[in-house]
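Asker: Let me begin by handing over the structure; questions about it come next.
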Amino acid sequence: MQEHKRQDIHQIGPSEDLKLEIVRRGSGPPLLLIPGEEALEAEAAFLDELAKSYEVFISSPPGFGRSTRPDWITGPDDIAYMMLDVVDEFGLNNVPVIGFSFGGWIAAEMASKDDGFISKLVLVDPYGIKTGKPTERDIQDVWLLSPDEVMALKWYDTAKGKRDFKVMPEDKLTIVARNTESFTRFGWEPYLHNPKLKHRLHRIKAPTLLIWGENDGIITPKYGEAYRKLIPNAQLAVIPQAGHSPHIEQPQAFLAELRKFLG
Amino acid sequence: MRAWHFTEMPYPNIPPFDELKNTRVTIPSRLFDPKIGADLYNRYLDEHCIADELGLDIMLNEHHASASCLDSCVPLPAAILARQTTKARILILGNPVANRGEPVRIAEEMAMIDCISRGRLDVGFVRGVPTEINPANSNPTLTNDRLWEGIDLAMRAWTTHDGPFNYEGRFWHKRAVNIWPRPYQQPHPPVWITGSTDRENVRKVAQHGFTFATFLQPYENTRSLFDEYRKHYVDAGVPHQGGTAFLPLVFTADSDTEAEQGAQELLWYIRSNKTEPQFKNPPGYASIALNVQALQGKFAGRTEAVRQQGLDYMMEQGILIAGTPDKVTARIRKFYDQVGGFDHLLMMQQAGHLDHQRTVRSMTLFAKEVYPRIMDLPPAVASRTPEPALAE
């Protein structure tokens with residue numbers, strides 16, 4: 001596991017109250033990675049592989065990891081602008097961007113505002129849109145269902161999703177609790193989507209790959225297909241025997257799709 | 001010491017708890033029979049009128065999607081009772097301004113009821129318990145902030161009398177607030193706030209000079225909350241406002257046997273609070289520190305620890321006060337000492353299947369034989385010296 005260093009915390013933009021944790025891993029051309037709400041990516045096996053070919057910039061959204069969370073930030077629409085500031089801060093240009101779940105939503109928001117710096121965009125089971133009727137649950141309600149029901153929908157193999165919090169040190173638990181709080185802050189209403197995003201996605205011109213777990217019960221591949229249709233130059237890859245986190249459940253198949261797309 | 005009669009207006013005619021996943025939030029309304037509901041509403045309102053005749057004050061509250069509480073719009077019974085009672089103060093504890101929003105509308109409703117009752121209204125504002133989050137679709141990470149901004153806006157609406165003012169805050173944007181009527185009581189009705197664990201909240205309540213209330217807490221916790229309040233209390237100069245209030249279950253009976261029977265029935269309220277984990281502790285509702293404990297398996301929501309306990313524990317802790325008039329008097333006076341004194345006894349004297357006749361008998365025994373013997377307990381706000389004004 002990577003040690004967290006003081007130099008991983010960066011003030012982003014003019015507000016002194018906004019400081020983001022940006023951890024750099026590996027070597028090679030830069031790649032921007034926006035983790036999901038549970039921030040499972042930093043310690044996942046696939047990342048070690050990725051770090052062999054890229055310098056991965058893992059950029060924690062406000063309220064996640066050790067990033068601050070000023071009150072004026074209300075959701076991914078705001079956060080997308082901060083990520084664009086991160087891109088400016090590090091002079092990133094012609095870089096691949098990968099976002100997972102909630103981070104995928106942020107990546108989609110960001111690319112819809114400016115994708116000039118993005119060589120290729122990868123969205124892994126992203127939230128962010130609603131295409132169904134008011135009474136349809138496009139996204140299963142993770143805050144209405146019981147924790148066991150959520151686990152069953154989220155994971156093909158729930159054993160892979162279990163985390164032993166009882167042995168986790170308190171500073172890590174604090175981050176877990178805060179990630180949950182921030183995910184709720186930003187995703188509660190409208191529920192895990194921005195009604196405007198689907199009307200902005202056509203602006204994304206970068207080649208885009210949507211990677212989806214075939215067994216994602218929270219947002220199904222059908223939702224992924226609706227997402228694909230809204231982005232002009234997008235394709236959808238569905239990974240079998242995987243739920244909402246195909247990169248955790250099937251890292252090899254995930255990396256194969258990623259390499260095929262990124263080249 | 002003032003004593004207030006309270007029932008949450010339960011609908012107890014539901015299947016056994018072990019057949020239900022939840023008695024709140026997801027319990028389907030097909031289990032509500034409107035004919036039974038009509039009888040219950042009228043009966044509970046009758047009991048409030050009887051409380052008025054007995055010289056007790058009246059407390060009302062509001063919950064949603066719950067068999068424990070049919071009162072889903074608390075200004076309605078308050079308005080009815082403003083007309084049907086003559087002496088009692090009517091306490092709404094409270095208006096769920098964080099979840100409901102509409103602070104200006106709430107200010108208008110309260111001002112109307114205050115006028116109709118000729119100044120007998122006490123106005124509580126509450127953050128709302130965890131099970132209120134989903135029915136209201138209220139962001140659980142923001143309810144504290146929404147509560148305080150909502151109170152600020154509502155109180156400005158009550159106390160501004162020179163035409164429209166604007167309010168462009170974090171949650172509410174109003175550019176021409178100018179309510180008619182204004183409240184009957186001046187400068188405004190007494191304000192109450194509830195709390196149970198959050199110390200910073202208690203300090204804020206005290207510094208505003210509002211009345212602080214806590215429900216169904218073990219006495220040691222109640223004492224530390226009240227001490228915190230008294231340490232920080234600032235007299236805001238509002239009549240009837242300021243001080244501490246405690247809500248236990250109360251049953252007064254002619255004999256010990258009847259008292260125990262009544263006590264067991266009141267416990268329905270605590271036993272019936274059956275919900276799944278996601279409703280006991282919605283994400284971001286409790287502090288990060290408490291949620292770290294939750295991850296470690298040491299915290300399951302604020303009411304769960306009490307819910308698991310039996311009658312003896314409840315009696316020992318003062319959460320439930322039951323007995324003959326002598327015993328109830330003695331227990332209240334002891335509780336008063338245990339918590340360093342308090343000012344308002346909010347009594348849940350009806351819950352579950354406890355029927356009208358026995359509820360009224362208990363209320364009557366309390367009013368006639370207990371109340372006169374606790375009424376003289378002195379106000380328990382330690383200091384009335386104003387501290388420097390709050391920095392906003």
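All residue names refer to the structure tokens as shown: chains lettered A, B, ... in order, residues numbered from 1 in each chain, ligands numbered from 1 in order.
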Report as a PyMOL selection string all protein, DNA and RNA residues lying within 7 Å of range 181-190 of chain A, evaluated on only C-alpha atoms, omitting residues in the same chain fewer than 4 positions from it.
Answerer: (chain A and resi 37+63-64+74-75+177+194) or (chain B and resi 139+141+283-284)
Asker: Can you tell me, as a PyMOL selection string, which residues in range 171-250 of chain A count as helix (DSSP H, G or I) by DSSP?
Answerer: chain A and resi 171-187+197-199+201-203+221-230+246-249
Asker: Can you write just those residues out, N, CA and C atoms, as a compact mmCIF listing (two decimals), in the first residue's frame?
Answerer:
# COMPACT_ATOMS: atom_id res chain seq x y z
N ASP A 171 -7.96 5.42 11.59
CA ASP A 171 -7.81 6.50 10.60
C ASP A 171 -8.35 6.06 9.24
N LYS A 172 -8.22 4.78 8.92
CA LYS A 172 -8.79 4.29 7.66
C LYS A 172 -10.32 4.22 7.75
N LEU A 173 -10.81 3.82 8.93
CA LEU A 173 -12.27 3.77 9.11
C LEU A 173 -12.88 5.16 8.98
N THR A 174 -12.14 6.15 9.48
CA THR A 174 -12.63 7.53 9.39
C THR A 174 -12.80 7.92 7.92
N ILE A 175 -11.87 7.48 7.09
CA ILE A 175 -11.99 7.78 5.66
C ILE A 175 -13.17 7.02 5.04
N VAL A 176 -13.34 5.78 5.44
CA VAL A 176 -14.48 4.99 4.93
C VAL A 176 -15.79 5.70 5.28
N ALA A 177 -15.91 6.11 6.57
CA ALA A 177 -17.14 6.76 7.03
C ALA A 177 -17.35 8.09 6.30
N ARG A 178 -16.26 8.79 6.09
CA ARG A 178 -16.37 10.10 5.43
C ARG A 178 -16.70 9.92 3.94
N ASN A 179 -16.13 8.93 3.30
CA ASN A 179 -16.47 8.65 1.91
C ASN A 179 -17.98 8.39 1.77
N THR A 180 -18.51 7.59 2.69
CA THR A 180 -19.94 7.29 2.66
C THR A 180 -20.76 8.56 2.83
N GLU A 181 -20.34 9.39 3.78
CA GLU A 181 -21.05 10.64 4.03
C GLU A 181 -21.01 11.54 2.79
N SER A 182 -19.84 11.64 2.15
CA SER A 182 -19.71 12.53 0.99
C SER A 182 -20.49 11.99 -0.21
N PHE A 183 -20.47 10.68 -0.38
CA PHE A 183 -21.25 10.06 -1.46
C PHE A 183 -22.74 10.39 -1.28
N THR A 184 -23.18 10.34 -0.02
CA THR A 184 -24.57 10.68 0.28
C THR A 184 -24.84 12.16 0.04
N ARG A 185 -23.93 13.00 0.50
CA ARG A 185 -24.07 14.44 0.32
C ARG A 185 -24.32 14.77 -1.15
N PHE A 186 -23.50 14.15 -2.03
CA PHE A 186 -23.54 14.54 -3.44
C PHE A 186 -24.54 13.73 -4.27
N GLY A 187 -24.94 12.57 -3.77
CA GLY A 187 -25.76 11.69 -4.60
C GLY A 187 -27.21 11.57 -4.18
N LEU A 197 -27.23 16.20 -17.35
CA LEU A 197 -26.07 15.55 -17.98
C LEU A 197 -26.42 14.88 -19.31
N LYS A 198 -27.58 14.22 -19.36
CA LYS A 198 -27.88 13.49 -20.60
C LYS A 198 -28.07 14.45 -21.79
N HIS A 199 -28.32 15.71 -21.49
CA HIS A 199 -28.44 16.70 -22.56
C HIS A 199 -27.09 17.35 -22.90
N LEU A 201 -24.08 15.17 -22.85
CA LEU A 201 -23.13 14.11 -23.18
C LEU A 201 -22.74 14.12 -24.66
N HIS A 202 -23.60 14.68 -25.52
CA HIS A 202 -23.28 14.72 -26.96
C HIS A 202 -22.02 15.55 -27.23
N ARG A 203 -21.65 16.37 -26.26
CA ARG A 203 -20.47 17.23 -26.44
C ARG A 203 -19.16 16.43 -26.33
N PRO A 221 -26.49 -3.46 -17.36
CA PRO A 221 -25.94 -3.16 -18.69
C PRO A 221 -26.94 -2.41 -19.59
N LYS A 222 -28.23 -2.56 -19.34
CA LYS A 222 -29.23 -1.81 -20.10
C LYS A 222 -29.05 -0.29 -19.88
N TYR A 223 -28.74 0.06 -18.64
CA TYR A 223 -28.44 1.45 -18.31
C TYR A 223 -27.16 1.88 -19.03
N GLY A 224 -26.18 0.95 -19.08
CA GLY A 224 -24.93 1.22 -19.80
C GLY A 224 -25.19 1.48 -21.28
N GLU A 225 -26.12 0.73 -21.85
CA GLU A 225 -26.45 0.88 -23.26
C GLU A 225 -27.11 2.26 -23.50
N ALA A 226 -27.95 2.68 -22.57
CA ALA A 226 -28.57 4.01 -22.68
C ALA A 226 -27.50 5.10 -22.62
N TYR A 227 -26.53 4.90 -21.75
CA TYR A 227 -25.40 5.82 -21.61
C TYR A 227 -24.63 5.89 -22.93
N ARG A 228 -24.34 4.67 -23.50
CA ARG A 228 -23.53 4.61 -24.73
C ARG A 228 -24.20 5.40 -25.84
N LYS A 229 -25.52 5.28 -25.95
CA LYS A 229 -26.24 5.95 -27.04
C LYS A 229 -26.14 7.48 -26.94
N LEU A 230 -25.90 8.00 -25.75
CA LEU A 230 -25.88 9.44 -25.55
C LEU A 230 -24.51 10.06 -25.86
N PRO A 246 -16.32 -4.33 -11.99
CA PRO A 246 -15.67 -5.37 -12.79
C PRO A 246 -14.15 -5.36 -12.65
N HIS A 247 -13.60 -4.17 -12.33
CA HIS A 247 -12.15 -4.08 -12.16
C HIS A 247 -11.66 -4.80 -10.91
N ILE A 248 -12.56 -4.99 -9.95
CA ILE A 248 -12.19 -5.72 -8.73
C ILE A 248 -12.51 -7.21 -8.91
N GLU A 249 -13.68 -7.48 -9.49
CA GLU A 249 -14.11 -8.89 -9.58
C GLU A 249 -13.40 -9.64 -10.70
Asker: Up to 12 Å from chain A, what residues of chain B turn up? Count only C-alpha atoms and give them as JSON, numbers by chain.
Answerer: {"B": [21, 22, 25, 26, 131, 133, 134, 135, 136, 137, 138, 139, 140, 141, 142, 143, 145, 169, 170, 171, 275, 276, 277, 278, 279, 280, 281, 282, 283, 284, 285, 286, 287, 288, 289, 290, 291, 292, 293, 294, 295, 296, 297, 298]}
Asker: If you run DSSP over the backbone, which residues in range 51-184 of chain A end up strand (DSSP E or B)? Put them as a list in words.
Answerer: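 So the strand (DSSP E or B) residues in range 51-184 of chain A would be Glu55, Val56, Phe57, Ile58, Ser59, Val95, Pro96, Val97, Ile98, Gly99, Phe100, Ile118, Ser119, Lys120, Leu121, Val122, Leu123, Val124 and Gly128 of chain A.
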Asker: Mind checking which residues fall within 7 Å of Asp85 in chain A, counting only C-alpha atoms, ignoring those fewer than 4 positions away in the same chain, and posting them as a count of residues only?
Answerer: 4
Asker: Env of range 160-164 of chain B: 10 Å cut, atoms = only C-alpha atoms, seq-sep filter 5 positions within chain, self excluded. Answer as an MDAnalysis selection string.
Answerer: chainID B and resid 155 174:180 182 187
Asker: Please, what distance in Å, to one decimal, runs between CA of Ile231 in chain A and CA of Ala111 in chain A?
Answerer: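 Straight-line distance from CA of Ile231 in chain A to CA of Ala111 in chain A works out to 10.4 Å.
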